[in-house]
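Asker: Structure file data10.cif, mmCIF, C-alpha atoms, is pasted below:
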```cif
data_target
loop_
_atom_site.label_atom_id
_atom_site.label_comp_id
_atom_site.auth_asym_id
_atom_site.auth_seq_id
_atom_site.Cartn_x
_atom_site.Cartn_y
_atom_site.Cartn_z
CA MET A 28 -3.97 36.63 -35.93
CA LYS A 29 -1.25 38.39 -33.96
CA ILE A 30 -2.10 36.28 -30.89
CA ARG A 31 -1.89 33.07 -32.91
CA ARG A 32 1.46 34.16 -34.29
CA THR A 33 2.73 34.74 -30.72
CA ILE A 34 1.42 31.32 -29.71
CA ILE A 35 3.23 29.63 -32.57
CA VAL A 36 6.49 31.42 -31.79
CA LEU A 37 6.24 30.56 -28.09
CA HIS A 38 5.44 26.91 -28.85
CA ARG A 39 8.25 26.62 -31.37
CA ASP A 40 11.00 28.24 -29.29
CA ILE A 41 10.10 26.63 -25.98
CA GLY A 42 9.77 23.32 -27.80
CA TYR A 43 13.24 23.61 -29.27
CA PHE A 44 14.75 24.71 -25.97
CA PHE A 45 13.25 21.93 -23.87
CA ALA A 46 13.40 19.14 -26.46
CA ALA A 47 16.57 17.62 -24.98
CA LEU A 48 15.30 17.70 -21.40
CA THR A 49 11.97 16.23 -22.47
CA VAL A 50 13.80 13.26 -23.97
CA VAL A 51 15.78 12.90 -20.72
CA TYR A 52 12.63 12.97 -18.59
CA ALA A 53 10.78 10.58 -20.90
CA ILE A 54 13.52 7.93 -20.93
CA SER A 55 14.12 8.24 -17.20
CA GLY A 56 10.36 8.17 -16.59
CA ILE A 57 10.02 4.81 -18.30
CA ALA A 58 13.10 3.53 -16.46
CA VAL A 59 11.90 4.44 -12.97
CA ASN A 60 8.30 3.40 -13.68
CA HIS A 61 9.56 -0.17 -13.73
CA VAL A 62 11.67 0.00 -10.59
CA ASP A 63 9.98 -3.18 -9.30
CA ASP A 64 11.47 -5.10 -12.21
CA TRP A 65 14.97 -3.69 -12.31
CA ASN A 66 17.34 -1.26 -10.66
CA PRO A 67 17.39 1.80 -12.93
CA ASN A 68 20.30 3.45 -11.11
CA TYR A 69 22.78 0.77 -10.17
CA ILE A 70 24.09 -2.57 -11.33
CA VAL A 71 24.55 -4.79 -8.30
CA THR A 72 26.46 -8.04 -8.68
CA HIS A 73 27.09 -10.84 -6.17
CA GLN A 74 29.87 -13.38 -6.39
CA SER A 75 30.55 -16.15 -3.93
CA ARG A 76 33.92 -17.52 -3.00
CA GLU A 77 35.38 -19.84 -0.41
CA LEU A 78 38.24 -18.31 1.52
CA GLY A 79 38.92 -21.31 3.70
CA SER A 80 38.54 -21.55 7.43
CA LEU A 81 39.17 -18.42 9.46
CA GLU A 82 39.18 -20.28 12.72
CA GLY A 83 41.93 -19.09 14.99
CA VAL A 84 42.34 -15.69 13.31
CA VAL A 85 42.15 -13.06 16.05
CA PRO A 86 39.23 -10.62 15.54
CA GLU A 87 41.56 -7.64 15.15
CA LYS A 88 43.31 -9.33 12.23
CA LEU A 89 40.19 -10.67 10.47
CA GLY A 90 39.85 -7.79 8.04
CA GLU A 91 43.51 -7.89 7.12
CA GLU A 92 43.46 -11.68 6.67
CA ILE A 93 40.34 -11.65 4.46
CA LEU A 94 41.74 -8.91 2.23
CA ALA A 95 45.03 -10.75 1.96
CA ARG A 96 43.28 -13.98 0.92
CA MET A 97 41.30 -11.99 -1.63
CA GLY A 98 44.44 -10.30 -2.91
CA ILE A 99 42.99 -6.85 -2.30
CA ASP A 100 45.35 -4.09 -1.21
CA GLU A 101 42.70 -1.34 -1.06
CA ARG A 102 42.26 0.33 2.31
CA PRO A 103 38.71 -0.42 3.47
CA LYS A 104 36.23 2.24 4.53
CA ALA A 105 35.36 0.03 7.47
CA ALA A 106 35.65 -3.57 8.64
CA VAL A 107 33.26 -4.70 11.34
CA PRO A 108 31.79 -7.83 12.89
CA MET A 109 28.05 -7.93 12.13
CA SER A 110 27.60 -10.81 14.54
CA GLU A 111 29.61 -13.73 15.84
CA LYS A 112 28.96 -15.46 12.54
CA GLU A 113 29.50 -12.65 10.06
CA PHE A 114 32.24 -10.15 9.31
CA ARG A 115 31.82 -7.37 6.81
CA ILE A 116 34.39 -5.28 4.98
CA PHE A 117 33.33 -2.12 3.20
CA LEU A 118 35.42 -1.06 0.24
CA LYS A 119 34.70 1.55 -2.38
CA ASP A 120 31.44 0.44 -4.04
CA ARG A 121 32.04 -3.07 -2.76
CA THR A 122 31.03 -5.03 0.34
CA LEU A 123 32.58 -8.31 1.40
CA SER A 124 30.42 -10.39 3.73
CA VAL A 125 32.22 -13.33 5.25
CA SER A 126 30.68 -16.17 7.22
CA LEU A 127 32.63 -17.11 10.31
CA PRO A 128 34.46 -19.31 10.87
CA GLY A 129 33.88 -21.16 7.57
CA GLY A 130 35.09 -18.40 5.31
CA HIS A 131 32.26 -18.35 2.76
CA LEU A 132 32.46 -14.92 1.16
CA VAL A 133 29.85 -12.96 -0.76
CA ASP A 134 31.37 -10.16 -2.79
CA GLU A 135 28.79 -7.50 -3.59
CA GLN A 136 29.84 -4.91 -6.12
CA ILE A 137 27.84 -1.93 -7.15
CA ARG A 138 28.31 0.47 -10.02
CA ARG A 139 26.27 3.16 -11.62
CA ARG A 140 24.11 2.01 -14.49
CA PRO A 141 25.61 3.81 -17.48
CA PHE A 142 23.44 6.46 -19.10
CA PHE A 143 20.35 5.87 -16.94
CA PHE A 144 21.99 6.90 -13.66
CA HIS A 145 22.68 10.39 -14.95
CA LEU A 146 19.28 10.80 -16.59
CA ASN A 147 17.65 9.76 -13.31
CA VAL A 148 19.71 12.25 -11.32
CA LEU A 149 18.15 15.01 -13.40
CA HIS A 150 14.64 13.58 -13.59
CA LEU A 151 14.38 12.67 -9.91
CA ASN A 152 16.07 15.89 -8.87
CA HIS A 153 18.78 14.25 -6.80
CA ALA A 154 20.93 17.29 -7.40
CA LYS A 155 18.42 19.51 -5.53
CA GLY A 156 19.47 23.15 -5.13
CA LEU A 157 19.44 25.17 -8.32
CA TRP A 158 18.28 22.20 -10.35
CA THR A 159 14.97 22.37 -8.48
CA TRP A 160 14.43 25.85 -9.88
CA TYR A 161 15.43 24.83 -13.35
CA ALA A 162 13.06 21.86 -13.17
CA ASP A 163 10.29 24.25 -12.09
CA ILE A 164 11.03 26.43 -15.10
CA TYR A 165 10.90 23.31 -17.27
CA ALA A 166 7.51 22.39 -15.80
CA LEU A 167 6.29 25.89 -16.57
CA GLY A 168 7.66 25.48 -20.09
CA LEU A 169 5.70 22.24 -20.51
CA LEU A 170 2.57 24.00 -19.32
CA ILE A 171 3.06 26.72 -21.89
CA LEU A 172 3.76 24.09 -24.56
CA ALA A 173 0.53 22.27 -23.71
CA LEU A 174 -1.60 25.39 -23.66
CA THR A 175 -0.12 26.96 -26.78
CA GLY A 176 -0.30 23.60 -28.58
CA ILE A 177 -4.06 23.59 -28.22
CA PHE A 178 -4.45 26.83 -30.11
CA ILE A 179 -1.86 26.47 -32.88
CA ILE A 180 -4.14 25.09 -35.58
CA PRO A 181 -7.45 26.82 -36.30
CA GLY A 182 -10.48 25.24 -37.94
CA LYS A 183 -11.49 21.60 -38.40
CA LYS A 184 -8.14 20.12 -37.46
CA GLY A 185 -7.94 22.38 -34.44
CA LEU A 186 -10.36 23.03 -31.59
CA GLY A 187 -13.21 23.22 -34.09
CA GLY A 188 -13.07 19.46 -34.83
CA ARG A 189 -10.41 16.78 -34.54
CA GLY A 190 -8.41 18.77 -31.97
CA ARG A 191 -11.43 19.09 -29.68
CA ILE A 192 -12.08 15.33 -29.74
CA LEU A 193 -8.47 14.50 -28.97
CA LEU A 194 -8.38 17.13 -26.23
CA ILE A 195 -11.48 15.64 -24.57
CA LEU A 196 -10.07 12.12 -24.91
CA GLY A 197 -6.93 13.31 -23.23
CA PHE A 198 -9.00 14.33 -20.19
CA VAL A 199 -11.22 11.24 -20.26
CA VAL A 200 -8.46 8.60 -20.20
CA PRO A 201 -6.82 9.69 -16.91
CA ALA A 202 -10.22 10.53 -15.41
CA VAL A 203 -11.59 7.04 -16.14
CA PHE A 204 -8.39 5.52 -14.81
CA LEU A 205 -8.71 7.51 -11.60
CA LEU A 206 -12.36 6.51 -11.20
CA LEU A 207 -11.54 2.84 -11.71
CA THR A 208 -8.63 3.06 -9.27
CA LEU A 209 -10.46 4.93 -6.54
CA LEU A 210 -13.80 3.13 -6.70
CA MET B 17 24.38 35.46 -28.95
CA LYS B 18 27.91 35.06 -27.53
CA ARG B 19 26.77 36.73 -24.34
CA ALA B 20 23.83 34.32 -24.07
CA ILE B 21 26.17 31.34 -24.45
CA LEU B 22 28.50 32.83 -21.82
CA PHE B 23 25.63 33.22 -19.33
CA LEU B 24 24.34 29.73 -20.10
CA SER B 25 27.81 28.27 -19.51
CA LEU B 26 28.12 30.19 -16.24
CA GLY B 27 24.70 28.88 -15.16
CA LEU B 28 25.69 25.31 -15.96
CA PHE B 29 28.94 25.76 -14.02
CA ILE B 30 27.04 26.99 -10.95
CA LEU B 31 24.59 24.09 -11.25
CA THR B 32 27.45 21.60 -11.42
CA ALA B 33 29.34 23.23 -8.58
CA SER B 34 26.29 23.18 -6.34
CA ALA B 35 25.96 19.45 -6.89
CA GLN B 36 29.46 18.72 -5.54
CA ALA B 37 29.48 16.78 -2.30
CA ALA B 38 30.99 18.14 0.89
CA ASP B 39 32.72 16.09 3.61
CA VAL B 40 29.42 15.58 5.37
CA THR B 41 26.30 15.32 3.27
CA LYS B 42 22.99 16.31 4.75
CA TYR B 43 19.90 14.30 3.85
CA GLY B 44 16.42 15.56 4.61
CA GLN B 45 16.40 17.67 7.75
CA GLY B 46 19.75 16.36 8.96
CA VAL B 47 19.93 15.86 12.72
CA SER B 48 18.88 18.27 15.43
CA LEU B 49 19.48 16.30 18.63
CA ASP B 50 22.89 16.74 20.22
CA LYS B 51 22.95 13.37 21.90
CA ALA B 52 22.72 10.02 20.17
CA THR B 53 21.05 7.00 21.72
CA PRO B 54 23.16 3.86 21.40
CA VAL B 55 21.60 1.35 19.01
CA ALA B 56 22.02 -1.40 21.61
CA GLU B 57 20.10 0.67 24.13
CA LEU B 58 17.23 1.21 21.66
CA LEU B 59 16.96 -2.49 20.95
CA ALA B 60 17.31 -3.47 24.61
CA HIS B 61 14.59 -1.11 25.87
CA PRO B 62 12.40 -0.35 22.86
CA GLY B 63 9.34 0.48 24.95
CA GLU B 64 11.09 3.47 26.49
CA TYR B 65 11.78 5.05 23.12
CA MET B 66 8.68 4.12 21.14
CA GLY B 67 7.19 7.20 19.45
CA LYS B 68 10.06 9.41 20.52
CA THR B 69 12.49 11.22 18.27
CA VAL B 70 15.90 9.66 18.58
CA ARG B 71 19.28 10.11 16.99
CA VAL B 72 21.58 7.20 16.27
CA ASP B 73 25.23 7.32 15.29
CA GLY B 74 27.15 4.50 13.71
CA LEU B 75 28.27 2.80 10.56
CA ILE B 76 25.97 2.29 7.58
CA THR B 77 26.14 -1.47 7.12
CA ALA B 78 23.35 -1.93 4.57
CA GLY B 79 20.98 0.07 2.47
CA CYS B 80 18.27 -0.05 -0.15
CA LYS B 81 20.00 -0.22 -3.51
CA LYS B 82 16.95 0.39 -5.66
CA ARG B 83 15.15 3.32 -4.14
CA GLY B 84 17.61 4.47 -1.49
CA CYS B 85 14.71 4.38 0.94
CA TRP B 86 16.49 2.93 3.98
CA ILE B 87 19.85 2.49 5.57
CA GLN B 88 20.89 0.32 8.45
CA ILE B 89 23.02 1.95 11.10
CA SER B 90 25.07 -0.41 13.24
CA ASP B 91 27.29 -0.07 16.24
CA ASP B 92 30.67 -1.74 16.62
CA LYS B 93 29.04 -4.84 18.12
CA GLY B 94 26.88 -5.47 15.07
CA ASN B 95 23.62 -4.19 16.60
CA GLY B 96 21.75 -2.54 13.78
CA VAL B 97 18.62 -0.47 13.35
CA ARG B 98 17.01 0.41 10.09
CA VAL B 99 16.29 4.04 9.25
CA LYS B 100 13.38 4.10 6.81
CA VAL B 101 12.60 7.27 4.92
CA GLU B 102 9.78 8.23 2.63
CA ASP B 103 10.40 6.98 -0.90
CA GLY B 104 11.74 9.72 -3.14
CA VAL B 105 11.76 12.37 -0.44
CA ILE B 106 15.13 11.31 0.93
CA VAL B 107 17.31 9.08 -1.24
CA PHE B 108 20.35 7.42 0.33
CA PRO B 109 22.86 6.43 -2.34
CA PRO B 110 24.15 2.86 -1.98
CA THR B 111 27.66 4.29 -2.08
CA SER B 112 27.00 5.55 1.46
CA ILE B 113 27.26 1.97 2.74
CA GLY B 114 30.41 1.67 4.83
CA HIS B 115 30.41 5.32 5.87
CA ASN B 116 29.74 6.74 9.31
CA ALA B 117 26.45 8.49 9.76
CA SER B 118 24.08 10.11 12.19
CA ALA B 119 20.38 9.72 11.57
CA GLU B 120 17.32 11.01 13.30
CA GLY B 121 13.65 10.13 13.36
CA VAL B 122 10.83 8.62 15.32
CA PHE B 123 11.54 5.23 16.86
CA SER B 124 8.80 2.85 15.82
CA GLY B 125 7.88 -0.79 15.77
CA ILE B 126 5.54 -3.02 13.86
CA PRO B 127 4.48 -6.56 14.67
CA ARG B 128 6.58 -9.09 12.83
CA ALA B 129 3.41 -11.01 11.90
CA ALA B 130 2.05 -7.99 10.02
CA VAL B 131 5.24 -7.67 7.98
CA GLU B 132 5.32 -11.37 7.20
CA LYS B 133 1.66 -11.27 6.17
CA LYS B 134 2.29 -8.36 3.83
CA HIS B 135 5.25 -10.12 2.27
CA LYS B 136 3.18 -13.24 1.84
CA GLU B 137 0.42 -11.26 0.13
CA GLN B 138 2.98 -9.78 -2.22
CA GLU B 139 4.56 -13.13 -2.90
CA GLY B 140 5.84 -13.24 -6.42
CA GLU B 141 7.03 -9.65 -6.32
CA LYS B 142 10.68 -8.96 -5.87
CA HIS B 143 11.77 -7.87 -2.43
CA GLU B 144 15.12 -6.68 -1.26
CA ALA B 145 16.65 -8.81 1.43
CA CYS B 146 16.27 -7.42 4.91
CA ASP B 147 19.64 -7.07 6.58
CA ALA B 148 18.19 -5.98 9.88
CA LYS B 149 18.22 -8.55 12.61
CA PRO B 150 15.06 -7.89 14.54
CA SER B 151 14.27 -10.21 17.37
CA GLY B 152 11.05 -11.12 19.12
CA GLU B 153 7.56 -10.28 17.99
CA MET B 154 8.28 -6.73 16.90
CA ILE B 155 10.42 -5.24 14.17
CA TYR B 156 11.91 -1.96 15.25
CA PHE B 157 12.99 0.85 12.99
CA ILE B 158 13.36 4.61 12.84
CA GLN B 159 11.04 6.65 10.67
CA GLY B 160 13.83 8.86 9.47
CA THR B 161 13.53 12.58 8.99
CA GLY B 162 17.14 13.23 8.17
CA ALA B 163 20.73 12.13 8.32
CA LEU B 164 24.29 13.35 8.09
CA ILE B 165 26.60 11.01 6.22
CA GLU B 166 30.36 11.34 6.18
CA SER B 167 32.04 10.87 2.84
#
```
As structure tokens, how would this structure be written, given the file I've shared?
Answerer:
Amino acid sequence: MKIRRTIIVLHRDIGYFFAALTVVYAISGIAVNHVDDWNPNYIVTHQSRELGSLEGVVPEKLGEEILARMGIDERPKAAVPMSEKEFRIFLKDRTLSVSLPGGHLVDEQIRRRPFFFHLNVLHLNHAKGLWTWYADIYALGLLILALTGIFIIPGKKGLGGRGRILLILGFVVPAVFLLLTLL
Amino acid sequence: MKRAILFLSLGLFILTASAQAADVTKYGQGVSLDKATPVAELLAHPGEYMGKTVRVDGLITAGCKKRGCWIQISDDKGNGVRVKVEDGVIVFPPTSIGHNASAEGVFSGIPRAAVEKKHKEQEGEKHEACDAKPSGEMIYFIQGTGALIES
């Protein structure tokens, strides 16, 4: 009985402590699972615009001229010719690609997807460093939660009956999936 | 209890501080070679560099905005080579586009036909546009092991 009491206490306290992070990982998990269908981290937008002909503008002045026609006074990170037919200007979170000499401009802007970006930073361990260790501790916590969860309820609703069936099913589902995938 | 909260706050502060970016951010193993090979040289004589570890320096002119799994490094003439990294192992943020970088990895090439066939097979799925400008029958890229990106 003393062991079961310890198990319950462990399960309860670890469960409380990691509840928030579990929600973070779960939401981010669903978000990144569907990365083929959407960008879970960034919102990327493209807008086209005609700047007018840039014929005759000397290459050294192209960047300046394009920014002036766009009415942008931000200092670019870089402005480079990508080829004879394309000039690119890199601004903060924004890239202007201009066709030469016609002046067709594609304005690509990128911003963090609110809420999801930050959850994904934690879930995908982009922070690295100390967060790696904390994530390891969290994984250990989940392991303890799973193992203690099995033994919380005694009797027919526990491992003696319903619990045992659910536990076996929990093994069978991924095992069958693996078999079907690998065969 | 107060002491526990104090320690927890201190821990969170250290975690946050460790996540702050420096002037140059290292990705993966960074770069180990002292000398960079010009991108134009790689593309002009790919056979000489195939399978060899090379370092390229230049401007990041494009990148994968979904998975952060590649960047394109270009020289000032617009010659670009894609640095492809293993998904999830190294993640280049799209905000690195427009910054100077050094990247290192094994110079590789795959037949264009194989890539086109794969894309055809996956028709219907969404693919990111390829900004690289490969020419000829082969598509050249660097299997990246690391990079240093200026912020």
Asker: Translate the PyMOL selection byres ((chain A) within 10 of (chain B)), as applied to the file shown, into an explicit residue set as number ranges by chain.
Answerer: A: 59, 62-71, 103-111, 113-122, 137-139, 151-158, 161
Asker: Tell me, in Å to one decimal, how far CA of Lys29 in chain A is from CA of Gly176 in chain A.
Answerer: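 Interatomic distance, CA of Lys29 in chain A to CA of Gly176 in chain A: 15.8 Å.
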Asker: So that I can see what lies close to Asp50 in chain B, please list as an NGL selection string the residues with an atom at most 12 Å from it, counting only C-alpha atoms and leaving out residues fewer than 6 positions away in the same chain.
Answerer: :B and (69-73 or 118-120)
Asker: Grab the residues selected above and save them as an mmCIF file, keeping the file's coordinate frame with C-alpha atoms.
Answerer:
```
data_model
loop_
_atom_site.group_PDB
_atom_site.id
_atom_site.type_symbol
_atom_site.label_atom_id
_atom_site.label_comp_id
_atom_site.auth_asym_id
_atom_site.auth_seq_id
_atom_site.Cartn_x
_atom_site.Cartn_y
_atom_site.Cartn_z
ATOM 1 C CA THR B 69 12.490 11.220 18.270
ATOM 2 C CA VAL B 70 15.900 9.660 18.580
ATOM 3 C CA ARG B 71 19.280 10.110 16.990
ATOM 4 C CA VAL B 72 21.580 7.200 16.270
ATOM 5 C CA ASP B 73 25.230 7.320 15.290
ATOM 6 C CA SER B 118 24.080 10.110 12.190
ATOM 7 C CA ALA B 119 20.380 9.720 11.570
ATOM 8 C CA GLU B 120 17.320 11.010 13.300
#
```
Asker: My list of candidates is B:Ala163, B:Lys51, B:Val131, B:Ser124. Which is closest to Tyr65 in chain B when distances are computed with only C-alpha atoms?
Answerer: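 That would be B:Ser124, the residue with the smallest distance to Tyr65 in chain B.
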Asker: Run through the PyMOL selection byres ((chain B and resi 125) around 12) on the given coordinates and return the selected residues as a ChimeraX atom specification.
Answerer: /B:58-59,62-68,97-100,122-124,126-131,150-159
Asker: Any chance you can output those residues with C-alpha atoms as an mmCIF file, in the coordinates of the input?
Answerer:
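The resulting file, selection29.cif, is reproduced below:
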```cif
data_model
loop_
_atom_site.group_PDB
_atom_site.id
_atom_site.type_symbol
_atom_site.label_atom_id
_atom_site.label_comp_id
_atom_site.auth_asym_id
_atom_site.auth_seq_id
_atom_site.Cartn_x
_atom_site.Cartn_y
_atom_site.Cartn_z
ATOM 1 C CA LEU B 58 17.230 1.210 21.660
ATOM 2 C CA LEU B 59 16.960 -2.490 20.950
ATOM 3 C CA PRO B 62 12.400 -0.350 22.860
ATOM 4 C CA GLY B 63 9.340 0.480 24.950
ATOM 5 C CA GLU B 64 11.090 3.470 26.490
ATOM 6 C CA TYR B 65 11.780 5.050 23.120
ATOM 7 C CA MET B 66 8.680 4.120 21.140
ATOM 8 C CA GLY B 67 7.190 7.200 19.450
ATOM 9 C CA LYS B 68 10.060 9.410 20.520
ATOM 10 C CA VAL B 97 18.620 -0.470 13.350
ATOM 11 C CA ARG B 98 17.010 0.410 10.090
ATOM 12 C CA VAL B 99 16.290 4.040 9.250
ATOM 13 C CA LYS B 100 13.380 4.100 6.810
ATOM 14 C CA VAL B 122 10.830 8.620 15.320
ATOM 15 C CA PHE B 123 11.540 5.230 16.860
ATOM 16 C CA SER B 124 8.800 2.850 15.820
ATOM 17 C CA ILE B 126 5.540 -3.020 13.860
ATOM 18 C CA PRO B 127 4.480 -6.560 14.670
ATOM 19 C CA ARG B 128 6.580 -9.090 12.830
ATOM 20 C CA ALA B 129 3.410 -11.010 11.900
ATOM 21 C CA ALA B 130 2.050 -7.990 10.020
ATOM 22 C CA VAL B 131 5.240 -7.670 7.980
ATOM 23 C CA PRO B 150 15.060 -7.890 14.540
ATOM 24 C CA SER B 151 14.270 -10.210 17.370
ATOM 25 C CA GLY B 152 11.050 -11.120 19.120
ATOM 26 C CA GLU B 153 7.560 -10.280 17.990
ATOM 27 C CA MET B 154 8.280 -6.730 16.900
ATOM 28 C CA ILE B 155 10.420 -5.240 14.170
ATOM 29 C CA TYR B 156 11.910 -1.960 15.250
ATOM 30 C CA PHE B 157 12.990 0.850 12.990
ATOM 31 C CA ILE B 158 13.360 4.610 12.840
ATOM 32 C CA GLN B 159 11.040 6.650 10.670
#
```
Asker: Can you tell me, as a list in words, what residues are no more than 10 Å from Asp103 in chain B when counting all atoms listed in the file, ignoring any on the same chain fewer than 6 positions away?
Answerer: Arg83, Gly84, Cys85 and Trp86 of chain B
Asker: Which residues, written as a list in words, have at least one atom at most 10 Å from Gly129 in chain A, with all atoms listed in the file counted and residues fewer than 4 positions away on the same chain left out?
Answerer: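 Final neighbour list, sorted by chain and number: Glu77, Leu78, Gly79, Ser80, Leu81, Glu82, Lys112, Glu113 and Val125 of chain A.
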Asker: For the atom pair CA of Met97 in chain A and CA of Thr72 in chain A, what is the interatomic distance in Å to one decimal place?
Answerer: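 Going from CA of Met97 in chain A over to CA of Thr72 in chain A, I get 16.9 Å.
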Asker: Just want the 9 Å neighbourhood of Ser55 in chain A, counted on all atoms listed in the file, with same-chain residues fewer than 3 positions away dropped. Output as a ChimeraX atom specification.
Answerer: /A:50-52,58-60,67,143-144,146-147,149-151
Asker: Using the chain letters and numbers from the file, give me the residues hit by the PyMOL selection byres ((chain A and resi 74) around 8), as a ChimeraX atom specification.
Answerer: /A:72-73,75-76,133-135
Asker: Counting all atoms listed in the file, figure out which residue out of A:Leu132, A:Ile30, A:Leu48, A:Leu174 gets nearest to Ala162 in chain A.
Answerer: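 For Ala162 in chain A, the nearest of the given residues is A:Leu48.
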Asker: If the box runs along x, y and z of the file and leaves 4 Å on each side of range 75-92 of chain B, what are its centre and edge lengths in Å, one decimal, as JSON?
Answerer:
```
{"center_x": 22.7, "center_y": 1.3, "center_z": 5.5, "size_x": 24.0, "size_y": 14.4, "size_z": 30.3}
```
Asker: Which distance in Å separates CA of Leu127 in chain A and CA of Ile99 in chain A, to one decimal?
Answerer: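 Separation of CA of Leu127 in chain A and CA of Ile99 in chain A: 19.3 Å.
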Asker: Compile the contact shell of Arg31 in chain A as a PyMOL selection string: residues with an atom at most 12 Å away, counting all atoms listed in the file, same-chain residues fewer than 3 positions apart removed.
Answerer: chain A and resi 28+34-38+175-181
Asker: What would range 80-93 of chain B look like with N, CA, C and O atoms in place, written as a PDB file, in the frame of the given file?
Answerer:
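Output (part.pdb):
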```
ATOM      1  N   CYS B  80      19.112   0.296   0.991  1.00  0.00           N
ATOM      2  CA  CYS B  80      18.270  -0.050  -0.150  1.00  0.00           C
ATOM      3  C   CYS B  80      18.994   0.398  -1.423  1.00  0.00           C
ATOM      4  O   CYS B  80      19.340   1.569  -1.568  1.00  0.00           O
ATOM      5  N   LYS B  81      19.205  -0.548  -2.319  1.00  0.00           N
ATOM      6  CA  LYS B  81      20.000  -0.220  -3.510  1.00  0.00           C
ATOM      7  C   LYS B  81      19.136   0.166  -4.709  1.00  0.00           C
ATOM      8  O   LYS B  81      19.646   0.557  -5.740  1.00  0.00           O
ATOM      9  N   LYS B  82      17.835   0.011  -4.546  1.00  0.00           N
ATOM     10  CA  LYS B  82      16.950   0.390  -5.660  1.00  0.00           C
ATOM     11  C   LYS B  82      16.419   1.799  -5.496  1.00  0.00           C
ATOM     12  O   LYS B  82      16.544   2.632  -6.382  1.00  0.00           O
ATOM     13  N   ARG B  83      15.804   2.031  -4.339  1.00  0.00           N
ATOM     14  CA  ARG B  83      15.150   3.320  -4.140  1.00  0.00           C
ATOM     15  C   ARG B  83      15.894   4.228  -3.173  1.00  0.00           C
ATOM     16  O   ARG B  83      15.530   5.385  -3.010  1.00  0.00           O
ATOM     17  N   GLY B  84      16.885   3.681  -2.499  1.00  0.00           N
ATOM     18  CA  GLY B  84      17.610   4.470  -1.490  1.00  0.00           C
ATOM     19  C   GLY B  84      16.719   4.846  -0.339  1.00  0.00           C
ATOM     20  O   GLY B  84      16.896   5.899   0.270  1.00  0.00           O
ATOM     21  N   CYS B  85      15.746   3.987  -0.022  1.00  0.00           N
ATOM     22  CA  CYS B  85      14.710   4.380   0.940  1.00  0.00           C
ATOM     23  C   CYS B  85      15.014   3.939   2.375  1.00  0.00           C
ATOM     24  O   CYS B  85      14.212   4.219   3.263  1.00  0.00           O
ATOM     25  N   TRP B  86      16.103   3.249   2.605  1.00  0.00           N
ATOM     26  CA  TRP B  86      16.490   2.930   3.980  1.00  0.00           C
ATOM     27  C   TRP B  86      17.988   2.679   4.061  1.00  0.00           C
ATOM     28  O   TRP B  86      18.636   2.343   3.065  1.00  0.00           O
ATOM     29  N   ILE B  87      18.482   2.898   5.264  1.00  0.00           N
ATOM     30  CA  ILE B  87      19.850   2.490   5.570  1.00  0.00           C
ATOM     31  C   ILE B  87      19.809   1.783   6.913  1.00  0.00           C
ATOM     32  O   ILE B  87      18.888   2.004   7.706  1.00  0.00           O
ATOM     33  N   GLN B  88      20.784   0.942   7.135  1.00  0.00           N
ATOM     34  CA  GLN B  88      20.890   0.320   8.450  1.00  0.00           C
ATOM     35  C   GLN B  88      22.124   0.884   9.136  1.00  0.00           C
ATOM     36  O   GLN B  88      23.217   0.864   8.564  1.00  0.00           O
ATOM     37  N   ILE B  89      21.904   1.404  10.334  1.00  0.00           N
ATOM     38  CA  ILE B  89      23.020   1.950  11.100  1.00  0.00           C
ATOM     39  C   ILE B  89      23.367   0.976  12.216  1.00  0.00           C
ATOM     40  O   ILE B  89      22.487   0.547  12.981  1.00  0.00           O
ATOM     41  N   SER B  90      24.634   0.603  12.265  1.00  0.00           N
ATOM     42  CA  SER B  90      25.070  -0.410  13.240  1.00  0.00           C
ATOM     43  C   SER B  90      26.146   0.155  14.147  1.00  0.00           C
ATOM     44  O   SER B  90      26.917   1.043  13.757  1.00  0.00           O
ATOM     45  N   ASP B  91      26.193  -0.435  15.344  1.00  0.00           N
ATOM     46  CA  ASP B  91      27.290  -0.070  16.240  1.00  0.00           C
ATOM     47  C   ASP B  91      28.445  -1.046  16.038  1.00  0.00           C
ATOM     48  O   ASP B  91      28.378  -1.934  15.174  1.00  0.00           O
ATOM     49  N   ASP B  92      29.485  -0.897  16.839  1.00  0.00           N
ATOM     50  CA  ASP B  92      30.670  -1.740  16.620  1.00  0.00           C
ATOM     51  C   ASP B  92      30.490  -3.178  17.116  1.00  0.00           C
ATOM     52  O   ASP B  92      31.404  -3.988  17.008  1.00  0.00           O
ATOM     53  N   LYS B  93      29.309  -3.468  17.687  1.00  0.00           N
ATOM     54  CA  LYS B  93      29.040  -4.840  18.120  1.00  0.00           C
ATOM     55  C   LYS B  93      28.127  -5.566  17.108  1.00  0.00           C
ATOM     56  O   LYS B  93      27.744  -6.704  17.324  1.00  0.00           O
TER      57      LYS B  93
END
```
